[in-house]
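Asks: The structure follows.
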Amino acid sequence: MLKLRSTAALAALAFASLLPPPALADDSKDPIKLTLHDWTGQLVSAHIMGEVLKKAGLNIEYVQADYLAQFAGLKTGDVHVAMEIWATTGKDALEEAVGTKQVENLGETGMLAVEEWWYPLYMKEKCPGLPDWQALKKCAEQFSIPETAPKGRYVGAPATWGGFDDERVQALDLPFEVVHAGTDAALFAELESAYQRQAPVILWVYAPHWAPIKYKGEWVEFPKYEPACYSDPSWGINKEKAYDCGKPRGPIWKAAWSGLKDKWPTAHKAIKGFEFTNDEMGKMVGEIDLDGKKLDDVVAAWMKDNEPRWKKWIGG
């Protein structure tokens, strides 16, 4: 009889080990809503964080949201977590939201953001003054297509990303038309097609991402960003318009509804612990965008290979 009881106890323990751990007593059973955007790296960040929180026994829900419009939801608590706020495009919106006390900056992800006009090196032969931005005034036609000639064509990111490219073209009097790609995938399909044909192209490229690793190219060097460039028209080259400079560069932050800490303290701690490098993220984005792997499979592989790492985020 003792042997049977021992066997039953071991079986129960084995079964229990297969179950996800229960959320801590202080954590709500309500779902934590993580926002999803339209670029692969952010989807990786959000889903890795979501899987980690599931391992902690928390309930997760993913919500599709516009990058800048999400701040309205974070302020009200309709959504709870944003895993990637880039200093290049989201700094002002994040600072405004944090200033209301309704949103909390949960710190840097460890990734450093670059978002800027980028061209393949073969275009430098046609516009030898590059990377100096002033060269674009003299050789804009080298970047033109029939629909924009004699103006050059700049392929911008989806309009929901912000970035002030239209304003920059006006402020710096660049003879270019800004054509916004509809999606992240469309943006880099444009680059892939042009690169293979050695065709004219200048477009928004960002890091962390696989593109500046796979392709040889350079970012345009605009006048150095200063906060006053975006807020004070009298600053800079053009005394009547703002945005007469390059984009800012800096950290990628995590942000959350200010009520997260009290309602889901385990999640609050775990999200603060989340950290990646540009190279790590670029590799995973490449596996999805270039190698055709599924997002869920890439996330699952990372979870398996990095268990000690993410367990520290949840205090395991």
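Residues in the structure tokens are numbered from 1 in each chain, the chains being A, B, ... in the order shown, and ligands are numbered from 1 in the order shown.
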Could you list, with a cut-off of 12 Å and counting only C-alpha atoms, the residues of region 112-195 of chain A near region 269-286 of chain A, each shown with its nearest atom pair and the distance in Å rounded to one decimal, rows sorted by chain and ascending number, as CSV?

Replies:
residue,atom,partner,partner_atom,distance
A:Leu112,CA,A:Asn278,CA,6.7
A:Ala113,CA,A:Asn278,CA,8.5
A:Val114,CA,A:Asn278,CA,10.4
A:Asp184,CA,A:Val285,CA,11.9
A:Ala185,CA,A:Val285,CA,11.6
A:Phe188,CA,A:Gly286,CA,11.7

Asks: Skipping near chain neighbours, those fewer than 5 positions away, what residues fall within 7 Å of region 98-107 of chain A using only C-alpha atoms, listed as a PyMOL selection string?

Replies: chain A and resi 74-75+253-258+272

Asks: Skip region 292-301 of chain A itself and residues of its chain fewer than 3 positions away, then list as a list in words all residues within 10 Å of it, counting only C-alpha atoms.

Replies: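 Surrounding residues, per the criterion: Thr40, Leu43, Val44, Ser45, Ala46, His47, Ile48, Met49, Glu51, Met284, Val285, Gly286, Glu287, Ile288, Asp289, Lys304, Asp305 and Asn306 of chain A.
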
Asks: Quick one: write out the picked residues with all heavy atoms as a compact mmCIF listing (two decimals), in the first residue's frame?

Replies:
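result_3.txt, freshly written:
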# COMPACT_ATOMS: atom_id res chain seq x y z
N THR A 40 8.47 43.61 -37.55
CA THR A 40 8.75 42.27 -37.04
C THR A 40 9.43 42.28 -35.68
O THR A 40 9.09 41.49 -34.79
CB THR A 40 9.60 41.48 -38.04
OG1 THR A 40 8.96 41.50 -39.32
CG2 THR A 40 9.79 40.04 -37.60
N LEU A 43 7.07 42.70 -32.86
CA LEU A 43 6.27 41.50 -32.64
C LEU A 43 7.07 40.45 -31.87
O LEU A 43 6.54 39.75 -31.00
CB LEU A 43 5.81 40.92 -33.98
CG LEU A 43 4.90 41.82 -34.83
CD1 LEU A 43 4.58 41.15 -36.16
CD2 LEU A 43 3.62 42.17 -34.09
N VAL A 44 8.36 40.35 -32.17
CA VAL A 44 9.22 39.43 -31.43
C VAL A 44 9.30 39.83 -29.96
O VAL A 44 9.13 39.00 -29.06
CB VAL A 44 10.63 39.39 -32.06
CG1 VAL A 44 11.60 38.59 -31.17
CG2 VAL A 44 10.58 38.76 -33.45
N SER A 45 9.56 41.11 -29.71
CA SER A 45 9.66 41.60 -28.33
C SER A 45 8.38 41.32 -27.55
O SER A 45 8.41 40.83 -26.41
CB SER A 45 9.96 43.11 -28.31
OG SER A 45 11.22 43.39 -28.83
N ALA A 46 7.24 41.67 -28.15
CA ALA A 46 5.97 41.50 -27.46
C ALA A 46 5.65 40.04 -27.19
O ALA A 46 5.19 39.68 -26.10
CB ALA A 46 4.85 42.15 -28.28
N HIS A 47 5.90 39.17 -28.16
CA HIS A 47 5.56 37.76 -27.97
C HIS A 47 6.52 37.05 -27.02
O HIS A 47 6.09 36.16 -26.25
CB HIS A 47 5.51 37.05 -29.33
CG HIS A 47 4.23 37.27 -30.06
ND1 HIS A 47 4.01 38.37 -30.86
CD2 HIS A 47 3.08 36.54 -30.11
CE1 HIS A 47 2.78 38.31 -31.37
NE2 HIS A 47 2.20 37.21 -30.93
N ILE A 48 7.78 37.43 -27.02
CA ILE A 48 8.69 36.86 -26.02
C ILE A 48 8.25 37.28 -24.62
O ILE A 48 8.18 36.46 -23.71
CB ILE A 48 10.15 37.27 -26.29
CG1 ILE A 48 10.71 36.47 -27.47
CG2 ILE A 48 11.02 37.06 -25.06
CD1 ILE A 48 12.12 36.83 -27.87
N MET A 49 7.94 38.56 -24.46
CA MET A 49 7.48 39.02 -23.15
C MET A 49 6.19 38.33 -22.75
O MET A 49 6.01 37.93 -21.60
CB MET A 49 7.28 40.54 -23.17
CG MET A 49 7.12 41.17 -21.80
SD MET A 49 8.68 41.19 -20.88
CE MET A 49 8.41 39.87 -19.68
N GLU A 51 5.14 35.33 -23.66
CA GLU A 51 5.41 33.95 -23.29
C GLU A 51 6.04 33.86 -21.90
O GLU A 51 5.73 32.95 -21.13
CB GLU A 51 6.32 33.29 -24.33
CG GLU A 51 5.65 33.03 -25.66
CD GLU A 51 4.39 32.18 -25.53
OE1 GLU A 51 4.48 31.10 -24.90
OE2 GLU A 51 3.33 32.60 -26.02
N MET A 284 16.98 37.44 -35.04
CA MET A 284 15.64 36.84 -35.01
C MET A 284 14.74 37.43 -36.10
O MET A 284 13.97 36.70 -36.73
CB MET A 284 15.02 37.01 -33.63
CG MET A 284 15.62 36.08 -32.59
SD MET A 284 14.71 36.07 -31.01
CE MET A 284 15.23 37.63 -30.35
N VAL A 285 14.85 38.73 -36.31
CA VAL A 285 14.06 39.36 -37.38
C VAL A 285 14.45 38.77 -38.73
O VAL A 285 13.61 38.50 -39.59
CB VAL A 285 14.25 40.89 -37.36
CG1 VAL A 285 13.60 41.53 -38.59
CG2 VAL A 285 13.65 41.49 -36.09
N GLY A 286 15.75 38.54 -38.93
CA GLY A 286 16.21 37.94 -40.17
C GLY A 286 15.70 36.52 -40.36
O GLY A 286 15.36 36.11 -41.49
N GLU A 287 15.62 35.76 -39.28
CA GLU A 287 15.11 34.40 -39.38
C GLU A 287 13.66 34.39 -39.86
O GLU A 287 13.24 33.50 -40.60
CB GLU A 287 15.20 33.71 -38.01
CG GLU A 287 16.63 33.36 -37.60
CD GLU A 287 16.70 32.76 -36.20
OE1 GLU A 287 15.68 32.78 -35.49
OE2 GLU A 287 17.78 32.29 -35.82
N ILE A 288 12.91 35.40 -39.46
CA ILE A 288 11.50 35.48 -39.84
C ILE A 288 11.35 36.07 -41.24
O ILE A 288 10.72 35.49 -42.13
CB ILE A 288 10.71 36.31 -38.81
CG1 ILE A 288 10.71 35.59 -37.45
CG2 ILE A 288 9.27 36.55 -39.28
CD1 ILE A 288 10.23 36.46 -36.30
N ASP A 289 11.96 37.24 -41.46
CA ASP A 289 11.76 37.96 -42.71
C ASP A 289 12.52 37.35 -43.89
O ASP A 289 12.04 37.39 -45.03
CB ASP A 289 12.19 39.41 -42.54
CG ASP A 289 11.23 40.22 -41.68
OD1 ASP A 289 10.18 39.68 -41.30
OD2 ASP A 289 11.53 41.40 -41.40
N LYS A 304 13.35 28.32 -25.26
CA LYS A 304 14.01 27.08 -24.90
C LYS A 304 15.50 27.29 -24.64
O LYS A 304 16.06 26.74 -23.68
CB LYS A 304 13.82 26.05 -26.02
CG LYS A 304 14.48 24.70 -25.74
CD LYS A 304 14.25 23.74 -26.90
CE LYS A 304 14.94 22.40 -26.64
NZ LYS A 304 14.74 21.46 -27.79
N ASP A 305 16.13 28.11 -25.48
CA ASP A 305 17.57 28.29 -25.38
C ASP A 305 17.98 29.27 -24.29
O ASP A 305 19.17 29.34 -23.93
CB ASP A 305 18.12 28.81 -26.73
CG ASP A 305 17.99 27.79 -27.84
OD1 ASP A 305 17.82 26.59 -27.54
OD2 ASP A 305 18.03 28.21 -29.03
N ASN A 306 17.04 30.03 -23.78
CA ASN A 306 17.38 31.09 -22.82
C ASN A 306 16.59 30.99 -21.51
O ASN A 306 16.32 32.01 -20.87
CB ASN A 306 17.14 32.46 -23.47
CG ASN A 306 18.07 32.73 -24.62
OD1 ASN A 306 19.18 33.24 -24.43
ND2 ASN A 306 17.63 32.41 -25.83

Asks: Can you work out which one of A:Leu260, A:Val178, A:Ala171, A:Cys127 has the shortest atom-to-atom distance to Val81 (chain A), counting only C-alpha atoms?

Replies: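 Going through A:Leu260, A:Val178, A:Ala171, A:Cys127 one by one, the smallest distance to Val81 (chain A) is for A:Leu260.
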
Asks: How many Å lie between CA of Lys151 (chain A) and CA of Lys247 (chain A), rounded to one decimal?

Replies: 22.2 Å

Asks: Per DSSP on the backbone, what are the alpha helix (DSSP H) residues of region 31-85 of chain A, as a PDB file with all heavy atoms, in the first residue's frame?

Replies:
ATOM      1  N   THR A  40       8.468  43.608 -37.546  1.00  0.00           N
ATOM      2  CA  THR A  40       8.745  42.268 -37.037  1.00  0.00           C
ATOM      3  C   THR A  40       9.428  42.280 -35.681  1.00  0.00           C
ATOM      4  O   THR A  40       9.091  41.488 -34.792  1.00  0.00           O
ATOM      5  CB  THR A  40       9.603  41.478 -38.044  1.00  0.00           C
ATOM      6  OG1 THR A  40       8.956  41.498 -39.316  1.00  0.00           O
ATOM      7  CG2 THR A  40       9.793  40.039 -37.600  1.00  0.00           C
ATOM      8  N   GLY A  41      10.408  43.164 -35.494  1.00  0.00           N
ATOM      9  CA  GLY A  41      11.129  43.190 -34.233  1.00  0.00           C
ATOM     10  C   GLY A  41      10.220  43.449 -33.050  1.00  0.00           C
ATOM     11  O   GLY A  41      10.373  42.833 -31.980  1.00  0.00           O
ATOM     12  N   GLN A  42       9.256  44.352 -33.218  1.00  0.00           N
ATOM     13  CA  GLN A  42       8.336  44.636 -32.119  1.00  0.00           C
ATOM     14  C   GLN A  42       7.466  43.428 -31.824  1.00  0.00           C
ATOM     15  O   GLN A  42       7.162  43.143 -30.660  1.00  0.00           O
ATOM     16  CB  GLN A  42       7.471  45.862 -32.464  1.00  0.00           C
ATOM     17  CG  GLN A  42       6.716  46.446 -31.284  1.00  0.00           C
ATOM     18  CD  GLN A  42       5.400  45.729 -30.972  1.00  0.00           C
ATOM     19  OE1 GLN A  42       4.845  45.042 -31.842  1.00  0.00           O
ATOM     20  NE2 GLN A  42       4.891  45.894 -29.765  1.00  0.00           N
ATOM     21  N   LEU A  43       7.067  42.705 -32.856  1.00  0.00           N
ATOM     22  CA  LEU A  43       6.269  41.497 -32.644  1.00  0.00           C
ATOM     23  C   LEU A  43       7.075  40.450 -31.873  1.00  0.00           C
ATOM     24  O   LEU A  43       6.537  39.751 -31.002  1.00  0.00           O
ATOM     25  CB  LEU A  43       5.809  40.920 -33.981  1.00  0.00           C
ATOM     26  CG  LEU A  43       4.904  41.818 -34.827  1.00  0.00           C
ATOM     27  CD1 LEU A  43       4.577  41.148 -36.159  1.00  0.00           C
ATOM     28  CD2 LEU A  43       3.622  42.169 -34.089  1.00  0.00           C
ATOM     29  N   VAL A  44       8.360  40.353 -32.169  1.00  0.00           N
ATOM     30  CA  VAL A  44       9.225  39.427 -31.432  1.00  0.00           C
ATOM     31  C   VAL A  44       9.303  39.835 -29.964  1.00  0.00           C
ATOM     32  O   VAL A  44       9.126  39.005 -29.060  1.00  0.00           O
ATOM     33  CB  VAL A  44      10.631  39.385 -32.061  1.00  0.00           C
ATOM     34  CG1 VAL A  44      11.597  38.594 -31.170  1.00  0.00           C
ATOM     35  CG2 VAL A  44      10.585  38.764 -33.451  1.00  0.00           C
ATOM     36  N   SER A  45       9.560  41.110 -29.708  1.00  0.00           N
ATOM     37  CA  SER A  45       9.660  41.597 -28.330  1.00  0.00           C
ATOM     38  C   SER A  45       8.382  41.324 -27.550  1.00  0.00           C
ATOM     39  O   SER A  45       8.415  40.828 -26.414  1.00  0.00           O
ATOM     40  CB  SER A  45       9.961  43.106 -28.313  1.00  0.00           C
ATOM     41  OG  SER A  45      11.223  43.394 -28.834  1.00  0.00           O
ATOM     42  N   ALA A  46       7.244  41.665 -28.151  1.00  0.00           N
ATOM     43  CA  ALA A  46       5.967  41.505 -27.463  1.00  0.00           C
ATOM     44  C   ALA A  46       5.653  40.039 -27.185  1.00  0.00           C
ATOM     45  O   ALA A  46       5.193  39.682 -26.097  1.00  0.00           O
ATOM     46  CB  ALA A  46       4.849  42.148 -28.276  1.00  0.00           C
ATOM     47  N   HIS A  47       5.898  39.168 -28.159  1.00  0.00           N
ATOM     48  CA  HIS A  47       5.557  37.759 -27.971  1.00  0.00           C
ATOM     49  C   HIS A  47       6.519  37.052 -27.017  1.00  0.00           C
ATOM     50  O   HIS A  47       6.093  36.161 -26.254  1.00  0.00           O
ATOM     51  CB  HIS A  47       5.507  37.045 -29.326  1.00  0.00           C
ATOM     52  CG  HIS A  47       4.225  37.269 -30.060  1.00  0.00           C
ATOM     53  ND1 HIS A  47       4.007  38.366 -30.860  1.00  0.00           N
ATOM     54  CD2 HIS A  47       3.078  36.545 -30.106  1.00  0.00           C
ATOM     55  CE1 HIS A  47       2.778  38.305 -31.370  1.00  0.00           C
ATOM     56  NE2 HIS A  47       2.201  37.213 -30.932  1.00  0.00           N
ATOM     57  N   ILE A  48       7.785  37.432 -27.019  1.00  0.00           N
ATOM     58  CA  ILE A  48       8.691  36.858 -26.021  1.00  0.00           C
ATOM     59  C   ILE A  48       8.251  37.284 -24.618  1.00  0.00           C
ATOM     60  O   ILE A  48       8.176  36.460 -23.710  1.00  0.00           O
ATOM     61  CB  ILE A  48      10.149  37.270 -26.293  1.00  0.00           C
ATOM     62  CG1 ILE A  48      10.706  36.468 -27.473  1.00  0.00           C
ATOM     63  CG2 ILE A  48      11.025  37.057 -25.055  1.00  0.00           C
ATOM     64  CD1 ILE A  48      12.118  36.829 -27.872  1.00  0.00           C
ATOM     65  N   MET A  49       7.936  38.563 -24.464  1.00  0.00           N
ATOM     66  CA  MET A  49       7.484  39.018 -23.152  1.00  0.00           C
ATOM     67  C   MET A  49       6.192  38.332 -22.753  1.00  0.00           C
ATOM     68  O   MET A  49       6.010  37.928 -21.598  1.00  0.00           O
ATOM     69  CB  MET A  49       7.280  40.539 -23.175  1.00  0.00           C
ATOM     70  CG  MET A  49       7.124  41.172 -21.796  1.00  0.00           C
ATOM     71  SD  MET A  49       8.680  41.186 -20.880  1.00  0.00           S
ATOM     72  CE  MET A  49       8.411  39.867 -19.683  1.00  0.00           C
ATOM     73  N   GLY A  50       5.288  38.168 -23.710  1.00  0.00           N
ATOM     74  CA  GLY A  50       4.029  37.488 -23.424  1.00  0.00           C
ATOM     75  C   GLY A  50       4.240  36.054 -22.987  1.00  0.00           C
ATOM     76  O   GLY A  50       3.612  35.584 -22.029  1.00  0.00           O
ATOM     77  N   GLU A  51       5.140  35.333 -23.662  1.00  0.00           N
ATOM     78  CA  GLU A  51       5.406  33.946 -23.287  1.00  0.00           C
ATOM     79  C   GLU A  51       6.041  33.857 -21.904  1.00  0.00           C
ATOM     80  O   GLU A  51       5.731  32.953 -21.126  1.00  0.00           O
ATOM     81  CB  GLU A  51       6.319  33.289 -24.328  1.00  0.00           C
ATOM     82  CG  GLU A  51       5.650  33.029 -25.665  1.00  0.00           C
ATOM     83  CD  GLU A  51       4.390  32.176 -25.525  1.00  0.00           C
ATOM     84  OE1 GLU A  51       4.478  31.097 -24.905  1.00  0.00           O
ATOM     85  OE2 GLU A  51       3.334  32.599 -26.024  1.00  0.00           O
ATOM     86  N   VAL A  52       6.909  34.798 -21.590  1.00  0.00           N
ATOM     87  CA  VAL A  52       7.528  34.811 -20.256  1.00  0.00           C
ATOM     88  C   VAL A  52       6.468  35.035 -19.183  1.00  0.00           C
ATOM     89  O   VAL A  52       6.458  34.364 -18.142  1.00  0.00           O
ATOM     90  CB  VAL A  52       8.624  35.891 -20.181  1.00  0.00           C
ATOM     91  CG1 VAL A  52       9.112  36.071 -18.743  1.00  0.00           C
ATOM     92  CG2 VAL A  52       9.800  35.523 -21.085  1.00  0.00           C
ATOM     93  N   LEU A  53       5.565  35.962 -19.438  1.00  0.00           N
ATOM     94  CA  LEU A  53       4.509  36.232 -18.449  1.00  0.00           C
ATOM     95  C   LEU A  53       3.566  35.048 -18.299  1.00  0.00           C
ATOM     96  O   LEU A  53       3.068  34.765 -17.203  1.00  0.00           O
ATOM     97  CB  LEU A  53       3.742  37.499 -18.846  1.00  0.00           C
ATOM     98  CG  LEU A  53       4.563  38.799 -18.857  1.00  0.00           C
ATOM     99  CD1 LEU A  53       3.689  39.969 -19.265  1.00  0.00           C
ATOM    100  CD2 LEU A  53       5.206  39.045 -17.500  1.00  0.00           C
ATOM    101  N   LYS A  54       3.344  34.330 -19.404  1.00  0.00           N
ATOM    102  CA  LYS A  54       2.540  33.106 -19.299  1.00  0.00           C
ATOM    103  C   LYS A  54       3.226  32.085 -18.405  1.00  0.00           C
ATOM    104  O   LYS A  54       2.566  31.383 -17.609  1.00  0.00           O
ATOM    105  CB  LYS A  54       2.307  32.501 -20.685  1.00  0.00           C
ATOM    106  CG  LYS A  54       1.341  33.264 -21.568  1.00  0.00           C
ATOM    107  CD  LYS A  54       1.219  32.584 -22.926  1.00  0.00           C
ATOM    108  CE  LYS A  54       0.373  33.358 -23.905  1.00  0.00           C
ATOM    109  NZ  LYS A  54       0.320  32.691 -25.235  1.00  0.00           N
ATOM    110  N   LYS A  55       4.548  31.981 -18.517  1.00  0.00           N
ATOM    111  CA  LYS A  55       5.299  31.052 -17.672  1.00  0.00           C
ATOM    112  C   LYS A  55       5.172  31.420 -16.203  1.00  0.00           C
ATOM    113  O   LYS A  55       5.301  30.560 -15.322  1.00  0.00           O
ATOM    114  CB  LYS A  55       6.780  31.050 -18.086  1.00  0.00           C
ATOM    115  CG  LYS A  55       7.068  30.473 -19.470  1.00  0.00           C
ATOM    116  CD  LYS A  55       6.821  28.982 -19.532  1.00  0.00           C
ATOM    117  CE  LYS A  55       7.246  28.409 -20.872  1.00  0.00           C
ATOM    118  NZ  LYS A  55       6.969  26.945 -20.978  1.00  0.00           N
ATOM    119  N   GLN A  70      -1.269  54.375 -29.606  1.00  0.00           N
ATOM    120  CA  GLN A  70      -1.371  53.495 -28.443  1.00  0.00           C
ATOM    121  C   GLN A  70      -1.268  54.240 -27.112  1.00  0.00           C
ATOM    122  O   GLN A  70      -1.740  53.755 -26.083  1.00  0.00           O
ATOM    123  CB  GLN A  70      -0.287  52.425 -28.489  1.00  0.00           C
ATOM    124  CG  GLN A  70       1.118  52.935 -28.223  1.00  0.00           C
ATOM    125  CD  GLN A  70       2.173  51.854 -28.268  1.00  0.00           C
ATOM    126  OE1 GLN A  70       1.931  50.715 -27.914  1.00  0.00           O
ATOM    127  NE2 GLN A  70       3.361  52.214 -28.733  1.00  0.00           N
ATOM    128  N   PHE A  71      -0.662  55.428 -27.133  1.00  0.00           N
ATOM    129  CA  PHE A  71      -0.470  56.137 -25.868  1.00  0.00           C
ATOM    130  C   PHE A  71      -1.800  56.532 -25.233  1.00  0.00           C
ATOM    131  O   PHE A  71      -1.906  56.615 -24.010  1.00  0.00           O
ATOM    132  CB  PHE A  71       0.428  57.358 -26.078  1.00  0.00           C
ATOM    133  CG  PHE A  71       1.872  56.988 -26.225  1.00  0.00           C
ATOM    134  CD1 PHE A  71       2.460  56.912 -27.477  1.00  0.00           C
ATOM    135  CD2 PHE A  71       2.642  56.681 -25.111  1.00  0.00           C
ATOM    136  CE1 PHE A  71       3.793  56.557 -27.630  1.00  0.00           C
ATOM    137  CE2 PHE A  71       3.977  56.318 -25.240  1.00  0.00           C
ATOM    138  CZ  PHE A  71       4.556  56.260 -26.503  1.00  0.00           C
ATOM    139  N   ALA A  72      -2.809  56.785 -26.054  1.00  0.00           N
ATOM    140  CA  ALA A  72      -4.130  57.096 -25.499  1.00  0.00           C
ATOM    141  C   ALA A  72      -4.647  55.913 -24.695  1.00  0.00           C
ATOM    142  O   ALA A  72      -5.201  56.075 -23.595  1.00  0.00           O
ATOM    143  CB  ALA A  72      -5.108  57.443 -26.622  1.00  0.00           C
ATOM    144  N   GLY A  73      -4.455  54.686 -25.215  1.00  0.00           N
ATOM    145  CA  GLY A  73      -4.887  53.490 -24.504  1.00  0.00           C
ATOM    146  C   GLY A  73      -4.060  53.207 -23.268  1.00  0.00           C
ATOM    147  O   GLY A  73      -4.574  52.719 -22.248  1.00  0.00           O
ATOM    148  N   LEU A  74      -2.758  53.503 -23.324  1.00  0.00           N
ATOM    149  CA  LEU A  74      -1.901  53.302 -22.151  1.00  0.00           C
ATOM    150  C   LEU A  74      -2.299  54.248 -21.021  1.00  0.00           C
ATOM    151  O   LEU A  74      -2.255  53.880 -19.841  1.00  0.00           O
ATOM    152  CB  LEU A  74      -0.432  53.533 -22.526  1.00  0.00           C
ATOM    153  CG  LEU A  74       0.236  52.460 -23.395  1.00  0.00           C
ATOM    154  CD1 LEU A  74       1.589  52.952 -23.903  1.00  0.00           C
ATOM    155  CD2 LEU A  74       0.406  51.151 -22.619  1.00  0.00           C
ATOM    156  N   LYS A  75      -2.704  55.448 -21.374  1.00  0.00           N
ATOM    157  CA  LYS A  75      -3.101  56.414 -20.346  1.00  0.00           C
ATOM    158  C   LYS A  75      -4.363  55.976 -19.619  1.00  0.00           C
ATOM    159  O   LYS A  75      -4.490  56.155 -18.401  1.00  0.00           O
ATOM    160  CB  LYS A  75      -3.327  57.795 -20.982  1.00  0.00           C
ATOM    161  CG  LYS A  75      -2.067  58.484 -21.466  1.00  0.00           C
ATOM    162  CD  LYS A  75      -2.434  59.789 -22.161  1.00  0.00           C
ATOM    163  CE  LYS A  75      -1.228  60.478 -22.765  1.00  0.00           C
ATOM    164  NZ  LYS A  75      -1.603  61.712 -23.500  1.00  0.00           N
ATOM    165  N   THR A  76      -5.291  55.412 -20.343  1.00  0.00           N
ATOM    166  CA  THR A  76      -6.576  55.021 -19.743  1.00  0.00           C
ATOM    167  C   THR A  76      -6.552  53.621 -19.150  1.00  0.00           C
ATOM    168  O   THR A  76      -7.471  53.242 -18.424  1.00  0.00           O
ATOM    169  CB  THR A  76      -7.695  55.078 -20.791  1.00  0.00           C
ATOM    170  OG1 THR A  76      -7.376  54.171 -21.867  1.00  0.00           O
ATOM    171  CG2 THR A  76      -7.852  56.489 -21.346  1.00  0.00           C
TER     172      THR A  76
END

Asks: Can you pull out the residues contacting Tyr195 (chain A)? Cut-off 9 Å, using only C-alpha atoms, and skip same-chain residues under 4 positions away; I want them as a PDB file with N, CA, C and O atoms, in the first residue's frame.

Replies:
ATOM      1  N   PRO A 120      21.867  52.414 -50.801  1.00  0.00           N
ATOM      2  CA  PRO A 120      22.893  51.410 -51.097  1.00  0.00           C
ATOM      3  C   PRO A 120      24.168  52.101 -51.584  1.00  0.00           C
ATOM      4  O   PRO A 120      24.117  53.164 -52.208  1.00  0.00           O
ATOM      5  N   TYR A 122      25.978  51.517 -54.017  1.00  0.00           N
ATOM      6  CA  TYR A 122      26.100  51.739 -55.468  1.00  0.00           C
ATOM      7  C   TYR A 122      25.528  53.092 -55.879  1.00  0.00           C
ATOM      8  O   TYR A 122      25.864  53.641 -56.923  1.00  0.00           O
ATOM      9  N   GLU A 190      10.713  46.752 -51.246  1.00  0.00           N
ATOM     10  CA  GLU A 190      11.191  47.799 -52.158  1.00  0.00           C
ATOM     11  C   GLU A 190      12.715  47.824 -52.194  1.00  0.00           C
ATOM     12  O   GLU A 190      13.329  47.920 -53.261  1.00  0.00           O
ATOM     13  N   LEU A 191      13.331  47.702 -51.023  1.00  0.00           N
ATOM     14  CA  LEU A 191      14.793  47.680 -50.958  1.00  0.00           C
ATOM     15  C   LEU A 191      15.356  46.442 -51.647  1.00  0.00           C
ATOM     16  O   LEU A 191      16.304  46.532 -52.434  1.00  0.00           O
ATOM     17  N   ALA A 199      18.945  49.367 -58.867  1.00  0.00           N
ATOM     18  CA  ALA A 199      18.074  50.471 -59.265  1.00  0.00           C
ATOM     19  C   ALA A 199      18.145  51.607 -58.241  1.00  0.00           C
ATOM     20  O   ALA A 199      18.522  51.405 -57.088  1.00  0.00           O
ATOM     21  N   PRO A 200      17.769  52.811 -58.659  1.00  0.00           N
ATOM     22  CA  PRO A 200      17.802  53.946 -57.730  1.00  0.00           C
ATOM     23  C   PRO A 200      16.870  53.717 -56.546  1.00  0.00           C
ATOM     24  O   PRO A 200      15.709  53.326 -56.721  1.00  0.00           O
ATOM     25  N   VAL A 201      17.364  53.980 -55.345  1.00  0.00           N
ATOM     26  CA  VAL A 201      16.522  53.876 -54.162  1.00  0.00           C
ATOM     27  C   VAL A 201      17.180  54.605 -53.000  1.00  0.00           C
ATOM     28  O   VAL A 201      18.396  54.590 -52.833  1.00  0.00           O
ATOM     29  N   TYR A 215      22.760  44.298 -46.473  1.00  0.00           N
ATOM     30  CA  TYR A 215      23.075  45.157 -47.605  1.00  0.00           C
ATOM     31  C   TYR A 215      24.165  46.159 -47.249  1.00  0.00           C
ATOM     32  O   TYR A 215      24.219  46.668 -46.129  1.00  0.00           O
TER      33      TYR A 215
END

Asks: I'd like the neighbourhood of Pro131 (chain A) as a VMD selection string, where a residue qualifies if any of its atoms comes within 9 Å (using only C-alpha atoms), though same-chain residues fewer than 6 positions away should be ignored.

Replies: chain A and resid 119 124 218 to 222

Asks: CA of Leu174 (chain A) and CA of Gly236 (chain A), how far apart in Å?

Replies: 15.4 Å

Asks: Can you work out the spacing between CA of Gly217 (chain A) and CA of Trp86 (chain A) in Å, to one decimal?

Replies: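 Atom-to-atom, CA of Gly217 (chain A) and CA of Trp86 (chain A) are spaced 22.1 Å apart.
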
Asks: Where in region 51-216 of chain A does DSSP assign strand (DSSP E or B), given as a ChimeraX atom specification?

Replies: /A:60-64,81-86,103-120,132,152-156,176-180,203-207

Asks: Which residue, A:Trp133, A:Phe176, A:Trp39, A:Phe164, has the smallest gap to Ala149 (chain A) when you use only C-alpha atoms?

Replies: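 Result for the nearest residue to Ala149 (chain A): A:Phe176.
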